[in-house]
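Engineer: Encoded as structure tokens, here's the structure I'll be asking about.
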Amino acid sequence: MVKPRIVVSKCLGLEHCRYDGSIIPEPIVVALQQYVELIPVCPEMELGLGTPRPPVRLVRIGKEIRLIQPATSRDLTEAMQNFAESFLDSLPPVDGFILKNRSPSCGIKDAKIYAGPEDAPTVGIGPGLFGGAVRARFPDLPVEDEGRLTNKAIREHFFTAVFSLARLREAASSGEMRALVEFHTRHKFLLMAYNQARLRELGRIVANSHRYPFSRVLAEYAPRFRAALVRPPRRPAVINVLMHALGYFSDRLTPAEKGYFLDLLTAYREGRHPVSTLIGVLRAWMLRFEEPYLSAQVFFSPFPEALVSLSDSGRREP
Ligand code: SF4
């Protein structure tokens with residue numbers, strides 16, 4: 001399986017680079033290491049602040065949000081903005097970001113903003129300077145923090161998106177229409193779950209009835225594919241895909257098997273069962289009835305199996 005490229009805050013399980021010299025134990029990042037290519041970064045270390053260091057904070061001054069180090073009275077706003085700009089410019093194509101939540105540098109939306117450098121109340125929350133620059137530069141890439149990734153649904157959506165974008169990057173780098181058509185074919189069920197209208201639009205693009213060169217087709221296809229994966233799929237759309245898949249076997253199943261599947265579907269619709277239970281049943285039938293088209297569909301296995309079994313604490317489920 002192709003390895004996604006993910007930029008990650010270095011203090012998330014990778015290096016003792018926090019202001020107090022600590023590291024955040026982060027089992028999800030550690031588990032990801034063998035399946036993705038991590039690009040670690042600590043923006044505060046990159047500014048030469050060292051570790052341990054006096055902490056920095058976001059301060060509202062007039063209409064602006066500034067990054068201040070109260071102990072030294074340094075205003076690091078421009079330095080951080082310049083670093084973010086040059087670091088993001090220097091990146092190879094990446095598939096997503098995992099950033100430290102609540103950080104005035106890395107936070108993507110929940111860093112505290114203070115009324116003053118010291119002894120001042122908070123006046124709100126917002127993105128850190130680096131995290132905000134990432135969101136602004138890559139609005140259609142998956143960007144999450146480690147806090148949100150402890151939620152299974154958010155985590156699985158993130159993994160699905162980064163692995164799908166990595167597969168798209170691989171197809172794009174081949175320079176061949178055949179690879180893009182194959183990519184699209186394998187992602188049809190996934191797109192059906194995420195966004196039916198985009199599936200139709202992308203199908204028209206990849207059909208390439210005007211015989212455009214590959215670069216033009218890719219330029220139309222890639223941003224629309226990324227946009228399709230911005231929001232997680234809705235349950236009714238996932239049920240639609242599961243029913244569509246069931247249609248491949250329904251004349252070969254016993255009434256009891258069909259009934260069992262439909263009962264599981266009801267349980268999923270009511271939030272009593274995860275979708276993985278239904279996918280497991282469908283995968284068993286794919287093997288039994290030898291359905292290579294279905295087996296090739298990314299929807300049934302969008303990222304490595306070992307990552308499915310991470311629990312909400314980030315540890316492997318027994
Ligand atoms: S949150 Fe960001 S800036 Fe702060 S220690 Fe972690 S990586 Fe460095």
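Residues are referred to by chain and number: the chain letter is A, B, ... according to the order shown in the structure tokens, the number counts from 1 in that chain, and ligands are numbered separately from 1 in the order shown.
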Find the residues of region 3-112 of chain A that sit at most 10 Å from region 281-305 of chain A; for each, write down the nearest two atoms and how far apart they are in Å, to one decimal. Count only C-alpha atoms. Sort by chain, then by number going up, and give it as JSON lines.
Structural biologist:
```
{"residue": "A:Lys3", "atom": "CA", "partner": "A:Phe303", "partner_atom": "CA", "distance": 10.0}
{"residue": "A:Leu32", "atom": "CA", "partner": "A:Pro304", "partner_atom": "CA", "distance": 9.8}
{"residue": "A:Tyr35", "atom": "CA", "partner": "A:Pro304", "partner_atom": "CA", "distance": 7.7}
```
Engineer: Save out the residues we just selected, N, CA and C atoms, as an mmCIF file, in the first residue's frame.
Structural biologist:
```cif
data_model
loop_
_atom_site.group_PDB
_atom_site.id
_atom_site.type_symbol
_atom_site.label_atom_id
_atom_site.label_comp_id
_atom_site.auth_asym_id
_atom_site.auth_seq_id
_atom_site.Cartn_x
_atom_site.Cartn_y
_atom_site.Cartn_z
ATOM 1 N N LYS A 3 2.484 4.844 0.720
ATOM 2 C CA LYS A 3 2.613 5.533 2.018
ATOM 3 C C LYS A 3 2.219 7.004 1.878
ATOM 4 N N LEU A 32 1.219 4.958 13.404
ATOM 5 C CA LEU A 32 1.218 5.341 11.984
ATOM 6 C C LEU A 32 2.590 5.213 11.337
ATOM 7 N N TYR A 35 3.386 2.956 8.486
ATOM 8 C CA TYR A 35 2.502 2.970 7.309
ATOM 9 C C TYR A 35 2.543 4.282 6.535
#
```
Engineer: Select from region 185-263 of chain A every residue with an atom at most 12 Å from any atom of region 85-98 of chain A, then for each give the shortest pair of atoms and their distance in Å to one decimal, using only C-alpha atoms, rows by chain and rising number, as a Markdown table.
Structural biologist:
```
| residue | atom | partner | partner_atom | distance |
| --- | --- | --- | --- | --- |
| A:Arg226 | CA | A:Asp95 | CA | 9.9 |
| A:Leu229 | CA | A:Asp95 | CA | 11.9 |
| A:Val230 | CA | A:Gly96 | CA | 11.5 |
```
Engineer: Of the residues A:Asp119, A:Glu146, A:Asp75, A:Glu270, which is the one nearest to ligand 1, using only C-alpha atoms and all ligand atoms?
Structural biologist: A:Glu146
Engineer: Once you count only C-alpha atoms and all ligand atoms, which residues end up within 9 Å of ligand 1, and could you hand them over as number ranges by chain?
Structural biologist: A: 8-12, 15-24, 40-46, 51, 99-107, 130-131
Engineer: So which bits of region 130-288 of chain A end up helix (DSSP H, G or I) when you DSSP the backbone, as a ChimeraX atom specification?
Structural biologist: /A:130-137,148-150,152-174,177-186,188-194,196-207,214-228,235-246,250-252,255-269,275-288
Engineer: May I ask for the distance between CA of Leu180 (chain A) and CA of Gly203 (chain A), given in Å to one decimal place?
Structural biologist: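 Answer for the CA of Leu180 (chain A) to CA of Gly203 (chain A) separation: 10.9 Å.
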Engineer: Under the rule that only C-alpha atoms are counted, which of A:Leu246, A:Val56, A:Val275, A:Ala267 is the nearest residue to Arg234 (chain A)?
Structural biologist: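 Looking only at the distances to Arg234 (chain A), the closest residue turns out to be A:Val275.
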Engineer: Considering only C-alpha atoms, state which residue in the set A:His187, A:Arg74, A:Arg57, A:Lys152 is at the smallest distance from Leu129 (chain A).
Structural biologist: A:Arg57
Engineer: Any idea what's packed within 10 Å of region 176-178 of chain A, counting only C-alpha atoms, ignoring anything in its chain fewer than 6 positions away? Could you give it as a PyMOL selection string?
Structural biologist: chain A and resi 184+206-208+213-215+217-218
Engineer: Any idea what the distance is between CA of Arg235 (chain A) and CA of Ala161 (chain A)?
Structural biologist: 17.0 Å
Engineer: Based on DSSP run over this structure's backbone, return all residues of region 41-217 of chain A in strand (DSSP E), as number ranges by chain.
Structural biologist: A: 41, 57-61, 64-69, 74-75, 96-99, 111-114, 122-126, 143-145
Engineer: Give me a file of those residues, with C-alpha atoms, as a PDB file, in the first residue's frame.
Structural biologist:
```pdb
ATOM      1  CA  VAL A  41       8.316  19.798  12.476  1.00  0.00           C
ATOM      2  CA  ARG A  57       1.040  32.768  23.867  1.00  0.00           C
ATOM      3  CA  LEU A  58      -1.384  34.385  21.456  1.00  0.00           C
ATOM      4  CA  VAL A  59      -2.279  37.928  22.485  1.00  0.00           C
ATOM      5  CA  ARG A  60      -4.949  40.169  21.000  1.00  0.00           C
ATOM      6  CA  ILE A  61      -3.446  43.608  20.409  1.00  0.00           C
ATOM      7  CA  GLU A  64      -4.365  41.699  15.537  1.00  0.00           C
ATOM      8  CA  ILE A  65      -3.424  38.373  17.104  1.00  0.00           C
ATOM      9  CA  ARG A  66       0.291  38.410  17.988  1.00  0.00           C
ATOM     10  CA  LEU A  67       2.583  35.586  19.154  1.00  0.00           C
ATOM     11  CA  ILE A  68       4.344  36.823  22.282  1.00  0.00           C
ATOM     12  CA  GLN A  69       6.896  35.298  24.651  1.00  0.00           C
ATOM     13  CA  ARG A  74       9.674  39.064  22.340  1.00  0.00           C
ATOM     14  CA  ASP A  75       7.071  39.417  19.619  1.00  0.00           C
ATOM     15  CA  GLY A  96      -2.266  15.603   5.378  1.00  0.00           C
ATOM     16  CA  PHE A  97      -1.246  17.136   8.697  1.00  0.00           C
ATOM     17  CA  ILE A  98      -1.469  16.040  12.340  1.00  0.00           C
ATOM     18  CA  LEU A  99      -0.812  19.023  14.584  1.00  0.00           C
ATOM     19  CA  ALA A 111      -5.392  27.871  21.008  1.00  0.00           C
ATOM     20  CA  LYS A 112      -6.231  30.327  23.783  1.00  0.00           C
ATOM     21  CA  ILE A 113      -6.053  34.011  22.921  1.00  0.00           C
ATOM     22  CA  TYR A 114      -5.228  36.341  25.805  1.00  0.00           C
ATOM     23  CA  THR A 122      -8.538  34.821  27.758  1.00  0.00           C
ATOM     24  CA  VAL A 123     -10.684  36.544  25.161  1.00  0.00           C
ATOM     25  CA  GLY A 124     -11.320  33.589  22.873  1.00  0.00           C
ATOM     26  CA  ILE A 125      -9.750  30.734  20.983  1.00  0.00           C
ATOM     27  CA  GLY A 126      -8.363  30.462  17.462  1.00  0.00           C
ATOM     28  CA  VAL A 143      -5.669  18.569   8.767  1.00  0.00           C
ATOM     29  CA  GLU A 144      -6.368  17.179  12.234  1.00  0.00           C
ATOM     30  CA  ASP A 145      -5.062  17.480  15.752  1.00  0.00           C
TER      31      ASP A 145
END
```
Engineer: To one decimal in Å, tell me the separation between CA of Met80 (chain A) and CA of Glu37 (chain A).
Structural biologist: 24.7 Å
Engineer: Out of A:Pro70, A:Pro274, A:Pro142, A:Gly259, which residue has the shortest atom-to-atom distance to Pro4 (chain A) when counting only C-alpha atoms?
Structural biologist: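 With only C-alpha atoms as the atom set, the closest residue is A:Pro142.
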Engineer: Tell me which protein, DNA and RNA residues are within 9 Å of His157 (chain A), counting only C-alpha atoms, leaving out same-chain ones fewer than 3 positions away, and put them as a PyMOL selection string.
Structural biologist: chain A and resi 152-154+160-162+229+231-233
Engineer: Write the residues of the preceding selection, restricted to N, CA and C atoms, as a short mmCIF file (atom, residue, chain, number, x, y, z; two decimals), in the first residue's frame.
Structural biologist:
```
data_model
loop_
_atom_site.label_atom_id
_atom_site.label_comp_id
_atom_site.auth_asym_id
_atom_site.auth_seq_id
_atom_site.Cartn_x
_atom_site.Cartn_y
_atom_site.Cartn_z
N LYS A 152 -12.97 7.67 16.96
CA LYS A 152 -12.83 6.65 15.90
C LYS A 152 -13.36 7.13 14.55
N ALA A 153 -14.52 7.79 14.55
CA ALA A 153 -15.12 8.21 13.28
C ALA A 153 -14.23 9.26 12.60
N ILE A 154 -13.74 10.22 13.38
CA ILE A 154 -12.87 11.27 12.82
C ILE A 154 -11.57 10.64 12.32
N THR A 160 -8.80 7.44 5.84
CA THR A 160 -9.34 7.20 4.50
C THR A 160 -8.89 8.28 3.54
N ALA A 161 -8.97 9.54 3.99
CA ALA A 161 -8.61 10.66 3.10
C ALA A 161 -7.11 10.65 2.79
N VAL A 162 -6.25 10.50 3.81
CA VAL A 162 -4.82 10.59 3.51
C VAL A 162 -4.34 9.42 2.65
N LEU A 229 -13.63 14.53 -0.53
CA LEU A 229 -13.27 13.86 0.74
C LEU A 229 -13.16 14.84 1.91
N ARG A 231 -15.48 16.34 3.74
CA ARG A 231 -16.39 16.01 4.85
C ARG A 231 -16.63 14.51 4.91
N PRO A 232 -16.79 13.95 6.12
CA PRO A 232 -17.02 12.50 6.23
C PRO A 232 -18.34 12.10 5.57
N PRO A 233 -18.45 10.84 5.14
CA PRO A 233 -19.70 10.41 4.50
C PRO A 233 -20.85 10.35 5.49
#
```
